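One structure below.
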Amino acid sequence: MDTFVEELRRKRGQVNLEGETQDVHAATTTTAPIPGIYLPLLPRYFHYTTSRVGMHSEFQKAKESCLNCIQDSLLQGQLQRAAELIISYIEMLEHYSKDKLRAAPEEIWRIGTEILQRHPRSNIQETNHFADQMKNLGVKGYLKVSLEHAFHLLCNGFEDEAYQNLVLAESWKYGEQTVIQNKELKLIQGYRGLLDYSKWLKKKTDMLGLDEDSYAVSSIQQEMRILYRQAKVSLKEIIKIPGVWDPFVTCYVDMLEYYEEYEEAREVLSEYAYNSKFPPNPNAHVFLYQFLKRRGESRKTQMSALQILHELVPSHELMLEYYAMLKKSKKRKNQKLRLEVIFAALDSAGWKENVKAWSCLAKEIVEILQNSDKQLHWLKNKWASRKDWWPALHFSLYLAKRNWQEDECLACEKVLVAGMLMGKDCKYFRYVMRQGCEANKKKFKPLKTFVKKHSWVSLKIV
């Protein structure tokens with residue numbers, strides 16, 4: 001690290017000497033509209049003239065302040081200032097403790113990469129050279145820098161270069177591998193597998209436009225098989241590690257289904273969803289449900305996947321499908337569960353204007369009343385925990401006016417629920433009923449009569 005700092009200081013001195021000889025000339029020339037960029041570890045032919053930041057003694061006593069200034073400059077888009085400050089920051093590192101010096105390469109890499117990615121004068125050659133220098137600066141950071149460098153290449157459309165970068169990193173070895181390095185290597189292999197999948201998908205798309213009997217189709221299929229085997233090895237390994245691997249799992253399952261390896265696909269998705277070592281992940285159960293649905297599995301099997309999804313995310317968009325399945329069941333526990341499902345979904349503000357959800361709740365309430373009030377305690381229990389905040393969330397006078405103006409169907413579904421849960425004196429019910437009777441008396445009068453007939457319900461469930 002001392003050698004690295006000395007080299008940087010020597011390069012810094014060279015730049016300063018060059019700058020002094022150019023000051024006179026710079027005073028007589030027009031300043032460029034976009035300032036140049038200078039970063040340590042870039043070769044000389046990438047250096048641009050730039051103003052320098054004086055090194056004051058207070059910088060050496062306040063290293064954290066300098067780092068904060070760099071962060072503020074990045075947040076405010078002052079990229080040239082950030083590029084200049086990082087030079088000062090690097091020169092201060094020689095005064096750091098050993099612990100701080102260990103963290104220095106990552107700090108330089110992250111700040112430098114941010115500047116290079118956003119600076120208008122930056123280009124991919126500069127970024128590549130900077131990344132190569134940083135990879136060799138700290139052995140422990142080689143894999144991490146390689147992976148992030150690949151991300152940068154992908155974001156700039158250099159997919160082939162990113163792939164080669166990952167292949168090179170995958171073959172890198174230095175001494176005895178640590179646990180962290182092993183995990184980083186698995187990540188690199190996984191992302192290389194994703195790029196193999198991307199190539200496989202392009203080949204699949206190309207094949208769709210060809211005749212089935214053509215020689216080109218056979219050739220493409222062979223290439224797809226090779227890419228599939230490569231991707232399968234990498235993706236299969238990474239999804240064994242407890243974690244959230246959604247893109248890796250979906251890509252892997254897509255290829256498995258294409259080659260009709262359905263049992264393996266099912267095992268992968270089941271393991272991802274039900275393995276207790278993995279963190280709770282709603283998407284895992286969504287993927288499993290969608291697969292079961294595509295395969296035409298039984299309703300009971302599909303419901304088991306959606307049941308856990310309901311427990312994790314009660315407001316998920318698939319809850320209406322879950323409700324529809326419960327509706328087909330005649331079991332008493334499922335009848336009770338579907339009331340819970342629709343109430344829980346409407347607890348979310350994102351469902352406030354979902355006409356179908358309000359229609360389901362209205363039907364549930366009517367059905368409960370038609371069952372000789374034997375299930376009325378279900379409704380009472382669900383309403384007890386909501387009666388203090390649902391009126392403001394769903395049944396305010398403001399919402400009554402807006403719903404009536406923007407979506408009459410929504411207002412018609414909600415008005416029945418409002419009347420049954422809160423009684424005929426509810427502001428939402430009174431406003432919509434008044435407007436509805438004026439607009440279409442035949443449609444709203446039976447509804448008004450029904451609510452009045454069952455007005456005792458709102459009193460009984462309070």
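Letters A, B, ... go to the chains of the structure tokens in the order shown; residues in each chain start at 1; ligands are counted from 1 in the same order.
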For this session: Identify, with DSSP run on backbone atoms, the residues in segment 137-321 of chain A assigned to helix (DSSP H, G or I), and express the list as a PyMOL selection string.
Result: chain A and resi 137+139-155+159-170+179-208+215-238+246-258+262-274+282-294+299-312+319-321
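Going from atom CA of Met303 of chain A to atom CA of Leu320 of chain A covers 11.9 Å.
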Computed gap from atom CA of Gly157 of chain A to atom CA of Asp196 of chain A is 15.6 Å
Residues near Glu237 of chain A, cut-off 10 Å, only C-alpha atoms, skip fewer than 2 positions along chain, as number ranges by chain = A: 186-187, 189-190, 232-235, 239-241
Practice task
Would you list the contacts of segment 322-333 of chain A as number ranges by chain, taking every protein, DNA or RNA residue within 9 Å and counting only C-alpha atoms, but skipping same-chain residues closer than 2 positions in sequence?
Solution key: A: 299-300, 302-303, 306-307, 310, 318-320, 335-339, 341-342, 360
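With only C-alpha atoms taken into account, the protein and nucleic acid residues at most 9 Å from Leu309 of chain A (excluding it and anything under 2 positions from it in its own chain) are Asn281, Pro282, Asn283, Ala284, His285, Val286, Ser304, Ala305, Leu306, Gln307, Glu311, Leu312, Val313, Pro314, His316, Leu318 and Met319 of chain A.
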Writing out the chosen residues with C-alpha atoms as a JSON list (two decimals), in the first residue's frame:
```
[["chain", "number", "residue", "atom", "x", "y", "z"],
["A", 281, "ASN", "CA", -39.84, -14.58, -0.12],
["A", 282, "PRO", "CA", -43.33, -13.94, -1.54],
["A", 283, "ASN", "CA", -42.02, -14.22, -5.10],
["A", 284, "ALA", "CA", -40.92, -17.79, -4.47],
["A", 285, "HIS", "CA", -44.55, -18.78, -3.86],
["A", 286, "VAL", "CA", -45.71, -16.74, -6.86],
["A", 304, "SER", "CA", -51.50, -24.33, -0.86],
["A", 305, "ALA", "CA", -49.01, -22.03, -2.63],
["A", 306, "LEU", "CA", -51.39, -19.06, -2.50],
["A", 307, "GLN", "CA", -52.18, -19.67, 1.18],
["A", 311, "GLU", "CA", -49.88, -14.89, 4.92],
["A", 312, "LEU", "CA", -46.80, -13.06, 3.61],
["A", 313, "VAL", "CA", -48.47, -10.41, 1.43],
["A", 314, "PRO", "CA", -52.24, -10.13, 2.08],
["A", 316, "HIS", "CA", -50.89, -9.29, -3.38],
["A", 318, "LEU", "CA", -53.11, -12.81, -6.86],
["A", 319, "MET", "CA", -55.47, -12.71, -3.87]]
```
Residues near Cys426 of chain A, anyone? I mean within 9 Å using only C-alpha atoms, not counting same-chain ones fewer than 5 positions away, as a list in words. Pro391, Phe395, Ser396, Ala418, Gly419 and Tyr431 of chain A
*Ala349 of chain A environment, 12 Å, only C-alpha atoms, sequence neighbours closer than 2 positions dropped, as a PyMOL selection string*: chain A and resi 315-316+344-347+351-354+389-390+392-394
Expected file: the selected residues, N, CA, C and O atoms, as a tab-separated table (two decimals), in the first residue's frame:
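The file below, part31.tsv, is the result:
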```
chain	number	residue	atom	x	y	z
A	315	SER	N	-52.05	-8.27	0.52
A	315	SER	CA	-52.54	-7.36	-0.53
A	315	SER	C	-52.01	-7.72	-1.92
A	315	SER	O	-52.12	-6.92	-2.84
A	316	HIS	N	-51.44	-8.90	-2.08
A	316	HIS	CA	-50.89	-9.29	-3.38
A	316	HIS	C	-52.01	-9.38	-4.42
A	316	HIS	O	-53.14	-9.77	-4.11
A	344	ALA	N	-58.59	-8.56	4.16
A	344	ALA	CA	-57.16	-8.25	4.26
A	344	ALA	C	-56.64	-7.53	3.03
A	344	ALA	O	-55.80	-6.63	3.12
A	345	ALA	N	-57.15	-7.91	1.86
A	345	ALA	CA	-56.72	-7.24	0.62
A	345	ALA	C	-57.15	-5.78	0.62
A	345	ALA	O	-56.37	-4.88	0.27
A	346	LEU	N	-58.38	-5.53	1.06
A	346	LEU	CA	-58.91	-4.16	1.06
A	346	LEU	C	-58.31	-3.31	2.19
A	346	LEU	O	-58.53	-2.10	2.21
A	347	ASP	N	-57.55	-3.91	3.08
A	347	ASP	CA	-56.83	-3.13	4.08
A	347	ASP	C	-55.77	-2.25	3.43
A	347	ASP	O	-55.37	-1.23	3.98
A	351	TRP	N	-55.75	-1.13	-2.96
A	351	TRP	CA	-56.98	-1.82	-3.39
A	351	TRP	C	-58.23	-0.93	-3.22
A	351	TRP	O	-59.34	-1.39	-3.44
A	352	LYS	N	-58.05	0.30	-2.84
A	352	LYS	CA	-59.19	1.17	-2.52
A	352	LYS	C	-60.19	1.29	-3.67
A	352	LYS	O	-61.39	1.40	-3.44
A	353	GLU	N	-59.67	1.26	-4.89
A	353	GLU	CA	-60.55	1.47	-6.05
A	353	GLU	C	-60.69	0.21	-6.90
A	353	GLU	O	-60.98	0.29	-8.09
A	354	ASN	N	-60.48	-0.93	-6.28
A	354	ASN	CA	-60.62	-2.20	-7.00
A	354	ASN	C	-62.08	-2.64	-6.97
A	354	ASN	O	-62.59	-3.14	-5.96
A	389	TRP	N	-60.69	2.59	11.72
A	389	TRP	CA	-59.90	3.25	10.67
A	389	TRP	C	-60.41	3.03	9.25
A	389	TRP	O	-60.08	3.79	8.35
A	390	TRP	N	-61.23	2.02	9.02
A	390	TRP	CA	-61.80	1.85	7.68
A	390	TRP	C	-62.70	3.01	7.25
A	390	TRP	O	-62.67	3.39	6.07
A	392	ALA	N	-62.42	6.19	7.67
A	392	ALA	CA	-61.59	7.27	7.12
A	392	ALA	C	-60.88	6.83	5.85
A	392	ALA	O	-60.68	7.63	4.92
A	393	LEU	N	-60.51	5.55	5.78
A	393	LEU	CA	-59.78	5.06	4.61
A	393	LEU	C	-60.68	4.86	3.40
A	393	LEU	O	-60.28	5.17	2.27
A	394	HIS	N	-61.89	4.37	3.63
A	394	HIS	CA	-62.74	3.98	2.51
A	394	HIS	C	-64.06	4.73	2.38
A	394	HIS	O	-64.59	4.84	1.27
```
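Here atom CA of Phe287 of chain A is placed at a distance of 20.4 Å from atom CA of Tyr228 of chain A.
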